[in-house]
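Novice: Handing over my_file19.cif, mmCIF, C-alpha atoms.
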```cif
data_work
#
loop_
_atom_site.label_atom_id
_atom_site.label_comp_id
_atom_site.auth_asym_id
_atom_site.auth_seq_id
_atom_site.Cartn_x
_atom_site.Cartn_y
_atom_site.Cartn_z
CA MET A 408 174.79 147.25 77.92
CA LYS A 409 175.10 147.20 74.18
CA ARG A 410 172.06 146.38 72.07
CA LYS A 411 173.79 143.25 70.64
CA SER A 412 174.57 141.96 74.14
CA ILE A 413 170.95 142.48 75.21
CA LYS A 414 169.75 140.59 72.15
CA ASN A 415 172.14 137.70 72.90
CA LEU A 416 170.95 137.61 76.52
CA ILE A 417 167.32 137.45 75.44
CA CYS A 418 168.12 134.58 73.06
CA THR A 419 169.95 132.71 75.84
CA ILE A 420 167.05 133.13 78.27
CA SER A 421 164.56 132.00 75.62
CA LEU A 422 166.65 128.89 74.94
CA MET A 423 166.83 128.07 78.64
CA LEU A 424 163.08 128.46 79.04
CA ALA A 425 162.51 126.16 76.07
CA LEU A 426 164.79 123.51 77.59
CA ILE A 427 163.01 123.73 80.96
CA SER A 428 159.65 123.36 79.23
CA ALA A 429 160.89 120.33 77.29
CA LEU A 430 161.93 118.63 80.53
CA SER A 431 158.72 119.39 82.45
CA PRO A 432 156.61 116.44 83.70
CA SER A 433 153.85 117.16 81.21
CA SER A 434 156.31 116.75 78.36
CA VAL A 435 157.99 113.71 79.88
CA TYR A 436 154.61 111.96 79.99
CA ALA A 437 153.36 113.26 76.66
CA ASP A 438 153.95 109.91 74.94
CA VAL A 439 153.50 107.48 77.82
CA GLY A 440 150.10 109.05 78.53
CA LYS A 441 148.69 108.13 75.12
CA SER A 442 145.56 105.96 75.37
CA TYR A 443 145.31 102.55 73.74
CA ASN A 444 142.59 99.94 73.34
CA TRP A 445 143.93 96.40 73.62
CA TYR A 446 143.21 94.07 70.73
CA CYS A 447 144.59 90.95 69.04
CA LYS A 448 144.32 90.02 65.40
CA ASN A 449 142.91 86.50 65.47
CA ASN A 450 144.06 83.96 62.93
CA ASP A 451 142.64 80.63 61.78
CA LYS A 452 145.97 78.78 62.12
CA HIS A 453 145.65 78.15 65.87
CA GLU A 454 148.71 80.30 66.43
CA VAL A 455 149.35 82.95 69.08
CA PRO A 456 148.36 86.32 67.57
CA ALA A 457 151.33 88.57 66.89
CA LEU A 458 151.79 91.50 69.24
CA ASP A 459 151.02 94.72 67.42
CA SER A 460 154.18 96.84 67.27
CA GLU A 461 152.44 99.78 68.92
CA PHE A 462 152.04 97.65 72.06
CA SER A 463 155.67 96.50 72.24
CA PHE A 464 156.28 98.58 75.37
CA ILE A 465 154.13 96.26 77.51
CA ASN A 466 157.15 93.99 77.88
CA LYS A 467 159.01 96.72 79.78
CA TYR A 468 156.41 96.83 82.52
CA GLY A 469 155.59 93.19 83.27
CA GLY A 470 152.79 93.00 80.73
CA PHE A 471 151.57 89.68 79.26
CA TYR A 472 148.98 88.71 76.69
CA ALA A 473 149.89 85.05 76.08
CA ASP A 474 152.35 82.40 77.19
CA LEU A 475 155.14 82.89 74.67
CA ASN A 476 157.46 80.45 76.45
CA VAL A 477 155.25 77.39 76.58
CA GLY A 478 157.18 74.21 75.88
CA ASN A 479 156.60 72.05 72.82
CA ASN A 480 155.46 69.16 75.01
CA ASP A 481 152.94 71.21 76.94
CA LYS A 482 149.50 72.33 75.80
CA VAL A 483 148.09 75.02 78.07
CA ILE A 484 145.27 77.55 78.06
CA TYR A 485 144.75 80.16 80.76
CA LEU A 486 141.09 80.76 81.60
CA THR A 487 140.39 84.31 82.74
CA PHE A 488 137.10 85.97 83.62
CA ASP A 489 136.27 89.67 84.08
CA ALA A 490 133.62 89.69 86.79
CA GLY A 491 131.92 92.89 87.90
CA TYR A 492 128.55 91.67 89.15
CA GLU A 493 126.49 88.51 89.62
CA ASN A 494 123.38 87.69 87.62
CA GLY A 495 123.24 83.97 88.35
CA ASN A 496 125.79 83.01 85.72
CA ILE A 497 128.99 83.39 87.75
CA GLU A 498 127.74 80.69 90.10
CA LYS A 499 127.08 78.42 87.11
CA ILE A 500 130.57 79.13 85.76
CA LEU A 501 132.09 78.16 89.12
CA ASP A 502 130.03 74.96 89.21
CA THR A 503 131.35 73.95 85.79
CA LEU A 504 134.97 74.78 86.64
CA LYS A 505 134.67 72.69 89.79
CA ALA A 506 133.22 69.74 87.85
CA HIS A 507 136.26 69.81 85.55
CA ASN A 508 138.75 70.56 88.33
CA ALA A 509 139.77 73.53 86.19
CA HIS A 510 141.25 76.62 87.76
CA GLY A 511 141.01 80.13 86.35
CA ALA A 512 141.64 83.77 87.21
CA PHE A 513 138.79 86.12 88.09
CA PHE A 514 139.40 89.85 87.67
CA VAL A 515 136.87 91.34 90.06
CA LEU A 516 135.48 94.72 91.10
CA GLU A 517 134.66 96.04 94.57
CA ASN A 518 130.96 95.62 93.83
CA LEU A 519 131.31 91.84 93.59
CA ILE A 520 133.33 91.58 96.80
CA VAL A 521 130.81 93.64 98.76
CA ARG A 522 127.54 92.34 97.32
CA ASN A 523 128.47 88.75 96.52
CA SER A 524 131.07 87.92 99.12
CA GLU A 525 130.19 84.23 99.09
CA LEU A 526 131.14 83.97 95.40
CA VAL A 527 134.51 85.62 95.95
CA LEU A 528 135.20 83.36 98.91
CA ARG A 529 134.26 80.40 96.75
CA MET A 530 136.69 81.54 94.04
CA LYS A 531 139.49 81.65 96.57
CA ASN A 532 138.58 78.41 98.33
CA GLU A 533 138.25 76.47 95.07
CA GLY A 534 141.73 77.42 93.94
CA HIS A 535 141.07 80.26 91.52
CA LEU A 536 143.17 83.40 91.41
CA VAL A 537 141.28 86.54 92.43
CA CYS A 538 142.83 89.47 90.60
CA ASN A 539 142.52 93.24 90.39
CA HIS A 540 140.17 94.84 87.85
CA THR A 541 140.09 98.09 89.91
CA ALA A 542 137.53 99.11 92.50
CA LYS A 543 135.11 101.05 90.29
CA HIS A 544 135.99 100.14 86.67
CA PRO A 545 136.95 103.67 85.53
CA ASP A 546 138.78 104.59 82.35
CA MET A 547 142.26 104.36 83.87
CA THR A 548 143.84 106.24 80.95
CA LYS A 549 142.23 109.39 82.33
CA ILE A 550 144.11 108.98 85.61
CA CYS A 551 147.56 110.55 85.32
CA ASP A 552 148.26 110.87 89.03
CA LYS A 553 150.02 107.84 90.50
CA ASN A 554 148.30 108.16 93.88
CA LEU A 555 144.84 108.19 92.27
CA PHE A 556 145.81 105.24 90.10
CA ALA A 557 147.09 103.34 93.14
CA ASN A 558 143.89 104.11 95.05
CA GLN A 559 141.78 102.18 92.53
CA LEU A 560 143.93 99.10 93.11
CA SER A 561 144.51 99.45 96.86
CA ARG A 562 140.83 100.03 97.56
CA LEU A 563 140.04 96.67 95.99
CA GLU A 564 142.95 95.03 97.80
CA LYS A 565 141.57 96.30 101.10
CA ALA A 566 138.06 94.98 100.42
CA TYR A 567 139.47 91.58 99.50
CA PHE A 568 141.70 91.43 102.58
CA GLU A 569 138.82 92.41 104.87
CA LEU A 570 136.76 89.58 103.40
CA THR A 571 139.37 86.83 103.23
CA GLY A 572 142.23 87.82 105.53
CA GLU A 573 144.58 87.22 102.59
CA GLU A 574 146.40 89.44 100.12
CA MET A 575 144.97 89.74 96.63
CA ALA A 576 147.08 88.46 93.73
CA LYS A 577 149.23 91.25 92.29
CA ILE A 578 147.75 90.82 88.84
CA TYR A 579 145.97 93.70 87.11
CA ARG A 580 143.76 93.96 84.04
CA PRO A 581 142.74 97.43 82.79
CA PRO A 582 138.97 97.98 82.60
CA GLU A 583 137.72 97.54 79.02
CA GLY A 584 141.31 96.92 77.93
CA ARG A 585 142.03 100.66 77.89
CA PHE A 586 145.53 101.55 78.99
CA SER A 587 148.50 103.83 78.53
CA GLU A 588 152.22 103.30 78.96
CA GLN A 589 152.02 105.52 82.02
CA ASN A 590 149.34 103.21 83.50
CA LEU A 591 151.52 100.15 82.98
CA LYS A 592 154.48 101.96 84.51
CA PHE A 593 152.42 102.83 87.58
CA ALA A 594 151.16 99.25 87.92
CA HIS A 595 154.70 97.90 87.58
CA GLU A 596 155.98 100.26 90.26
CA LEU A 597 153.17 99.06 92.54
CA GLY A 598 154.37 95.46 92.11
CA TYR A 599 151.67 94.39 89.64
CA LYS A 600 151.81 92.27 86.50
CA THR A 601 149.40 93.51 83.83
CA VAL A 602 147.63 90.68 82.02
CA PHE A 603 145.73 91.23 78.77
CA TRP A 604 144.46 88.39 76.56
CA SER A 605 145.12 86.66 73.24
CA PHE A 606 141.49 85.77 72.61
CA ALA A 607 138.15 87.35 73.46
CA TYR A 608 134.82 87.74 71.72
CA ALA A 609 131.77 90.00 72.07
CA ASP A 610 130.17 88.29 75.08
CA TRP A 611 129.75 91.17 77.53
CA ASP A 612 126.35 92.54 76.48
CA ASN A 613 123.60 90.33 77.90
CA ASN A 614 121.14 91.87 75.44
CA LYS A 615 123.28 90.83 72.46
CA GLN A 616 124.35 87.28 73.19
CA MET A 617 125.70 85.03 70.46
CA SER A 618 124.05 81.63 70.12
CA GLY A 619 125.74 78.82 71.98
CA ASP A 620 126.75 76.93 68.83
CA ALA A 621 128.18 80.04 67.19
CA ALA A 622 130.09 81.07 70.32
CA LEU A 623 131.52 77.59 70.84
CA LYS A 624 132.68 77.44 67.22
CA LYS A 625 134.24 80.91 67.40
CA ILE A 626 136.19 80.06 70.53
CA LEU A 627 137.39 76.65 69.31
CA ASP A 628 138.33 78.01 65.87
CA HIS A 629 140.81 80.34 67.53
CA THR A 630 142.35 78.23 70.28
CA HIS A 631 146.15 78.30 70.43
CA ASN A 632 148.79 76.99 72.77
CA GLY A 633 149.64 79.49 75.49
CA GLU A 634 146.32 81.27 75.00
CA ILE A 635 145.01 83.67 77.62
CA MET A 636 141.27 83.40 77.07
CA LEU A 637 139.00 86.19 78.27
CA LEU A 638 135.39 85.32 79.00
CA HIS A 639 132.76 87.33 80.84
CA PRO A 640 131.13 85.06 83.44
CA THR A 641 127.95 87.14 83.43
CA SER A 642 127.27 85.89 79.89
CA GLN A 643 124.37 83.44 79.71
CA THR A 644 125.89 81.92 76.60
CA ASN A 645 129.22 81.32 78.32
CA ALA A 646 127.46 79.70 81.27
CA GLU A 647 125.64 77.37 78.87
CA ILE A 648 128.62 76.35 76.74
CA LEU A 649 131.46 76.22 79.28
CA ASP A 650 131.03 72.52 80.05
CA SER A 651 131.16 71.63 76.34
CA LEU A 652 134.08 74.00 75.80
CA LEU A 653 136.19 72.56 78.61
CA THR A 654 135.32 69.01 77.56
CA GLU A 655 136.49 69.69 74.00
CA LEU A 656 139.69 71.40 75.14
CA GLU A 657 140.48 68.48 77.41
CA LYS A 658 139.96 66.09 74.49
CA GLU A 659 142.46 68.15 72.51
CA GLY A 660 145.00 67.66 75.29
CA PHE A 661 144.93 71.11 76.85
CA ARG A 662 145.40 71.74 80.54
CA PHE A 663 144.25 74.89 82.31
CA GLY A 664 147.21 76.81 83.68
CA CYS A 665 147.75 79.35 86.46
CA LEU A 666 148.71 82.86 85.36
CA SER A 667 151.72 82.88 87.68
CA GLU A 668 153.33 80.41 85.26
CA LEU A 669 153.76 83.30 82.82
CA TRP A 670 156.51 84.92 84.86
CA SER A 671 157.93 81.92 86.67
CA LYS A 672 159.44 80.20 83.61
#
```
Would you mind giving the structure from this file in structure tokens?

Specialist:
Amino acid sequence: MKRKSIKNLICTISLMLALISALSPSSVYADVGKSYNWYCKNNDKHEVPALDSEFSFINKYGGFYADLNVGNNDKVIYLTFDAGYENGNIEKILDTLKAHNAHGAFFVLENLIVRNSELVLRMKNEGHLVCNHTAKHPDMTKICDKNLFANQLSRLEKAYFELTGEEMAKIYRPPEGRFSEQNLKFAHELGYKTVFWSFAYADWDNNKQMSGDAALKKILDHTHNGEIMLLHPTSQTNAEILDSLLTELEKEGFRFGCLSELWSK
């Protein structure tokens, strides 16, 4: 074989290897595996925060952060709570919701189902949605295998079914709001809607709680129609102010919607 022919053959093989490498799974998922931290830029106009352009892909995978289709004649806020453990405040939150006949969505962990079964049963029996926050609250962006991702959700589903005899709502919220496009794709393929939020504040650290007056003002200053509000029910401040918060929202004409409305319109 002539030297020129050998050189051409080597170039052809190199090109083929480069194409194969470009189409490998690791390359296919290079972008969708990028990690993100969910956030919203609050405004003081009582308007739904704009979706940051880097998060635009959530729409492809059944992702929601607010009710963008709420009618002009309807004022609605969706109350959501990320609940990993009980410290006496979740029970108080449930008492207040019951007093206002207000329904919310609780994103729970396996720990709560196992250790505080009576609270989870109460959530279900009092008309709240019980949703999937994973079994163990890991950083899901570090899970690139679909089976391992699914295990975090199915393990919680199993615990809930064993307790209640009913299927858990197919609604997922990533722990700490950390996610990737690959995560959302996996969740979508597993039949889940991923629900973020359009308002939250720093309420999760029980050693750094905002005063009740300051927290109430912060929440009310940023209310908006179609809002998905995230509160942590372990917060002592939230337990103290929830009655006043719901009373004020009711005075302003808001109702408290069910998350399933987001995809049924």

Novice: What separation in Å, quoted to one decimal, exists between CA of Asn632 (chain A) and CA of Tyr443 (chain A)?

Specialist: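 It comes out at 25.8 Å.
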
Novice: Given only C-alpha atoms as the basis, pick out the residue of A:Asp489, A:Asp612, A:Glu596, A:Asp552 nearest to Lys467 (chain A).

Specialist: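 Of A:Asp489, A:Asp612, A:Glu596, A:Asp552, the one nearest Lys467 (chain A) is A:Glu596, counting only C-alpha atoms.
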
Novice: Evaluate the PyMOL selection byres ((chain A and resi 465) around 10) against this structure - the residues, as a PyMOL selection string, please.

Specialist: chain A and resi 458+461-464+466-472+587-588+591-592+601-603

Novice: Of the candidates A:Ile520, A:Ile578, A:Leu623, A:Leu528, which one gets nearest to Ile648 (chain A) if we count only C-alpha atoms?

Specialist: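 Looking only at the distances to Ile648 (chain A), the closest residue turns out to be A:Leu623.
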
Novice: Name the residues within 10 Å of (152.7, 98.8, 93.3), counting only C-alpha atoms in the file's coordinates, and put them as a list in words.

Specialist: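 Checking each residue against the 10 Å limit leaves Lys553, Phe556, Ala557, Leu560, Ser561, Lys577, Lys592, Phe593, Ala594, His595, Glu596, Leu597, Gly598, Tyr599 and Lys600 of chain A.
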
Novice: Could you spell out the hits of the PyMOL selection byres ((chain A and resi 542) around 10) on the shown file, as an MDAnalysis selection string?

Specialist: chainID A and resid 491 515:520 539:541 543:545 558:566

Novice: So how many Å separate CA of Ala512 (chain A) and CA of Phe568 (chain A), to one decimal?

Specialist: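 Between CA of Ala512 (chain A) and CA of Phe568 (chain A) the gap works out to 17.2 Å.
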
Novice: Find, counting all atoms listed in the file, the residue in A:Val537, A:Thr644, A:Tyr579, A:Arg585 that gets nearest to Ala609 (chain A).

Specialist: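 Among A:Val537, A:Thr644, A:Tyr579, A:Arg585, it is A:Thr644 that comes nearest to Ala609 (chain A).
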
Novice: Which one of A:Lys448, A:Leu504, A:Lys531, A:Ile497 sits closest to Gly572 (chain A) if you count all atoms listed in the file?

Specialist: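 Closest residue, counting all atoms listed in the file: A:Lys531.
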
Novice: With distances taken over all atoms listed in the file, which of A:Glu583, A:Asp459, A:Glu647, A:Asp474 is nearest to Leu666 (chain A)?

Specialist: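 Smallest distance to Leu666 (chain A) is found for A:Asp474.
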
Novice: Please determine an axis-aligned box that encloses all atoms of region 477-480 of chain A listed in the file, with 4 Å added on each side, and express its centre and edge lengths in Å to one decimal as JSON.

Specialist:
```
{"center_x": 156.2, "center_y": 73.3, "center_z": 74.7, "size_x": 9.9, "size_y": 16.2, "size_z": 11.8}
```

Novice: Nearest residue to Asn479 (chain A) out of A:Gly633, A:Asp451, A:Leu627, A:Asn645, using all atoms listed in the file?

Specialist: A:Gly633

Novice: Given the PyMOL selection byres ((chain A and resi 442) around 12) and the file above, list the residues it selects as a PyMOL selection string.

Specialist: chain A and resi 436-441+443-445+461-462+546-551+581+584-591

Novice: Residues near Leu486 (chain A), anyone? I mean within 8 Å using all atoms listed in the file, not counting same-chain ones fewer than 4 positions away, as a tab-separated table (two decimals) with C-alpha atoms, in the coordinates of the input.

Specialist:
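Saved the output as part_17.tsv:
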```tsv
chain	number	residue	atom	x	y	z
A	510	HIS	CA	141.25	76.62	87.76
A	511	GLY	CA	141.01	80.13	86.35
A	512	ALA	CA	141.64	83.77	87.21
A	635	ILE	CA	145.01	83.67	77.62
A	636	MET	CA	141.27	83.40	77.07
A	637	LEU	CA	139.00	86.19	78.27
A	638	LEU	CA	135.39	85.32	79.00
A	663	PHE	CA	144.25	74.89	82.31
A	664	GLY	CA	147.21	76.81	83.68
```

Novice: Can you tell me how far CA of Asp650 (chain A) sits from CA of Thr503 (chain A), in Å to one decimal?

Specialist: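 Result for CA of Asp650 (chain A) versus CA of Thr503 (chain A): 5.9 Å, one decimal.
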
Novice: Working from the structure I just supplied, which lacks atoms in region 514-525 of chain A, can you model all heavy atoms there and output them as a PDB file, in the coordinates of the input?

Specialist:
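As a result, part09.pdb now contains:
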```pdb
ATOM      1  N   PHE A 514     139.076  88.440  87.465  1.00  0.00           N
ATOM      2  CA  PHE A 514     139.400  89.850  87.670  1.00  0.00           C
ATOM      3  C   PHE A 514     138.118  90.524  88.164  1.00  0.00           C
ATOM      4  O   PHE A 514     137.160  90.675  87.402  1.00  0.00           O
ATOM      5  CB  PHE A 514     139.906  90.471  86.380  1.00  0.00           C
ATOM      6  CG  PHE A 514     141.267  89.976  85.976  1.00  0.00           C
ATOM      7  CD1 PHE A 514     141.412  88.780  85.291  1.00  0.00           C
ATOM      8  CD2 PHE A 514     142.406  90.696  86.304  1.00  0.00           C
ATOM      9  CE1 PHE A 514     142.664  88.308  84.930  1.00  0.00           C
ATOM     10  CE2 PHE A 514     143.671  90.241  85.955  1.00  0.00           C
ATOM     11  CZ  PHE A 514     143.801  89.044  85.262  1.00  0.00           C
ATOM     12  N   VAL A 515     138.109  90.907  89.430  1.00  0.00           N
ATOM     13  CA  VAL A 515     136.870  91.340  90.060  1.00  0.00           C
ATOM     14  C   VAL A 515     136.874  92.830  90.386  1.00  0.00           C
ATOM     15  O   VAL A 515     137.927  93.482  90.420  1.00  0.00           O
ATOM     16  CB  VAL A 515     136.591  90.536  91.359  1.00  0.00           C
ATOM     17  CG1 VAL A 515     136.575  89.042  91.066  1.00  0.00           C
ATOM     18  CG2 VAL A 515     137.613  90.859  92.445  1.00  0.00           C
ATOM     19  N   LEU A 516     135.680  93.343  90.664  1.00  0.00           N
ATOM     20  CA  LEU A 516     135.480  94.720  91.100  1.00  0.00           C
ATOM     21  C   LEU A 516     135.027  94.720  92.562  1.00  0.00           C
ATOM     22  O   LEU A 516     134.602  93.701  93.112  1.00  0.00           O
ATOM     23  CB  LEU A 516     134.428  95.413  90.241  1.00  0.00           C
ATOM     24  CG  LEU A 516     134.668  95.462  88.736  1.00  0.00           C
ATOM     25  CD1 LEU A 516     133.499  96.152  88.038  1.00  0.00           C
ATOM     26  CD2 LEU A 516     135.973  96.171  88.409  1.00  0.00           C
ATOM     27  N   GLU A 517     135.086  95.889  93.175  1.00  0.00           N
ATOM     28  CA  GLU A 517     134.660  96.040  94.570  1.00  0.00           C
ATOM     29  C   GLU A 517     133.202  95.628  94.750  1.00  0.00           C
ATOM     30  O   GLU A 517     132.830  95.024  95.761  1.00  0.00           O
ATOM     31  CB  GLU A 517     134.857  97.498  94.992  1.00  0.00           C
ATOM     32  CG  GLU A 517     134.550  97.781  96.452  1.00  0.00           C
ATOM     33  CD  GLU A 517     134.755  99.243  96.785  1.00  0.00           C
ATOM     34  OE1 GLU A 517     134.302 100.113  96.002  1.00  0.00           O
ATOM     35  OE2 GLU A 517     135.367  99.523  97.832  1.00  0.00           O
ATOM     36  N   ASN A 518     132.374  95.946  93.771  1.00  0.00           N
ATOM     37  CA  ASN A 518     130.960  95.620  93.830  1.00  0.00           C
ATOM     38  C   ASN A 518     130.726  94.138  94.102  1.00  0.00           C
ATOM     39  O   ASN A 518     129.876  93.763  94.914  1.00  0.00           O
ATOM     40  CB  ASN A 518     130.293  96.017  92.508  1.00  0.00           C
ATOM     41  CG  ASN A 518     128.852  95.561  92.415  1.00  0.00           C
ATOM     42  OD1 ASN A 518     127.980  96.083  93.083  1.00  0.00           O
ATOM     43  ND2 ASN A 518     128.603  94.555  91.572  1.00  0.00           N
ATOM     44  N   LEU A 519     131.485  93.284  93.433  1.00  0.00           N
ATOM     45  CA  LEU A 519     131.310  91.840  93.590  1.00  0.00           C
ATOM     46  C   LEU A 519     131.749  91.385  94.980  1.00  0.00           C
ATOM     47  O   LEU A 519     131.104  90.536  95.609  1.00  0.00           O
ATOM     48  CB  LEU A 519     132.086  91.083  92.517  1.00  0.00           C
ATOM     49  CG  LEU A 519     131.723  89.607  92.378  1.00  0.00           C
ATOM     50  CD1 LEU A 519     130.330  89.461  91.760  1.00  0.00           C
ATOM     51  CD2 LEU A 519     132.749  88.865  91.530  1.00  0.00           C
ATOM     52  N   ILE A 520     132.841  91.954  95.474  1.00  0.00           N
ATOM     53  CA  ILE A 520     133.330  91.580  96.800  1.00  0.00           C
ATOM     54  C   ILE A 520     132.325  91.967  97.878  1.00  0.00           C
ATOM     55  O   ILE A 520     132.064  91.202  98.810  1.00  0.00           O
ATOM     56  CB  ILE A 520     134.696  92.236  97.079  1.00  0.00           C
ATOM     57  CG1 ILE A 520     135.756  91.668  96.119  1.00  0.00           C
ATOM     58  CG2 ILE A 520     135.119  92.022  98.533  1.00  0.00           C
ATOM     59  CD1 ILE A 520     137.129  92.307  96.281  1.00  0.00           C
ATOM     60  N   VAL A 521     131.738  93.142  97.742  1.00  0.00           N
ATOM     61  CA  VAL A 521     130.810  93.640  98.760  1.00  0.00           C
ATOM     62  C   VAL A 521     129.453  92.968  98.678  1.00  0.00           C
ATOM     63  O   VAL A 521     128.889  92.550  99.691  1.00  0.00           O
ATOM     64  CB  VAL A 521     130.655  95.180  98.624  1.00  0.00           C
ATOM     65  CG1 VAL A 521     129.566  95.695  99.551  1.00  0.00           C
ATOM     66  CG2 VAL A 521     131.982  95.879  98.920  1.00  0.00           C
ATOM     67  N   ARG A 522     128.912  92.842  97.471  1.00  0.00           N
ATOM     68  CA  ARG A 522     127.540  92.340  97.320  1.00  0.00           C
ATOM     69  C   ARG A 522     127.445  90.818  97.191  1.00  0.00           C
ATOM     70  O   ARG A 522     126.402  90.234  97.481  1.00  0.00           O
ATOM     71  CB  ARG A 522     126.885  92.990  96.101  1.00  0.00           C
ATOM     72  CG  ARG A 522     126.711  94.493  96.234  1.00  0.00           C
ATOM     73  CD  ARG A 522     125.852  95.028  95.118  1.00  0.00           C
ATOM     74  NE  ARG A 522     125.644  96.474  95.250  1.00  0.00           N
ATOM     75  CZ  ARG A 522     124.837  97.188  94.477  1.00  0.00           C
ATOM     76  NH1 ARG A 522     124.152  96.584  93.507  1.00  0.00           N
ATOM     77  NH2 ARG A 522     124.710  98.490  94.653  1.00  0.00           N
ATOM     78  N   ASN A 523     128.504  90.194  96.737  1.00  0.00           N
ATOM     79  CA  ASN A 523     128.470  88.750  96.520  1.00  0.00           C
ATOM     80  C   ASN A 523     129.711  88.103  97.138  1.00  0.00           C
ATOM     81  O   ASN A 523     130.457  87.371  96.476  1.00  0.00           O
ATOM     82  CB  ASN A 523     128.388  88.426  95.024  1.00  0.00           C
ATOM     83  CG  ASN A 523     127.180  89.059  94.364  1.00  0.00           C
ATOM     84  OD1 ASN A 523     127.296  90.096  93.712  1.00  0.00           O
ATOM     85  ND2 ASN A 523     126.013  88.458  94.537  1.00  0.00           N
ATOM     86  N   SER A 524     129.877  88.383  98.408  1.00  0.00           N
ATOM     87  CA  SER A 524     131.070  87.920  99.120  1.00  0.00           C
ATOM     88  C   SER A 524     131.233  86.413  99.041  1.00  0.00           C
ATOM     89  O   SER A 524     132.350  85.897  98.927  1.00  0.00           O
ATOM     90  CB  SER A 524     130.998  88.353 100.589  1.00  0.00           C
ATOM     91  OG  SER A 524     130.896  89.750 100.699  1.00  0.00           O
ATOM     92  N   GLU A 525     130.114  85.691  99.095  1.00  0.00           N
ATOM     93  CA  GLU A 525     130.190  84.230  99.090  1.00  0.00           C
ATOM     94  C   GLU A 525     130.796  83.708  97.791  1.00  0.00           C
ATOM     95  O   GLU A 525     131.495  82.681  97.787  1.00  0.00           O
ATOM     96  CB  GLU A 525     128.795  83.621  99.303  1.00  0.00           C
ATOM     97  CG  GLU A 525     127.813  83.720  98.151  1.00  0.00           C
ATOM     98  CD  GLU A 525     127.246  85.118  97.901  1.00  0.00           C
ATOM     99  OE1 GLU A 525     127.479  86.017  98.749  1.00  0.00           O
ATOM    100  OE2 GLU A 525     126.576  85.310  96.866  1.00  0.00           O
TER     101      GLU A 525
END
```
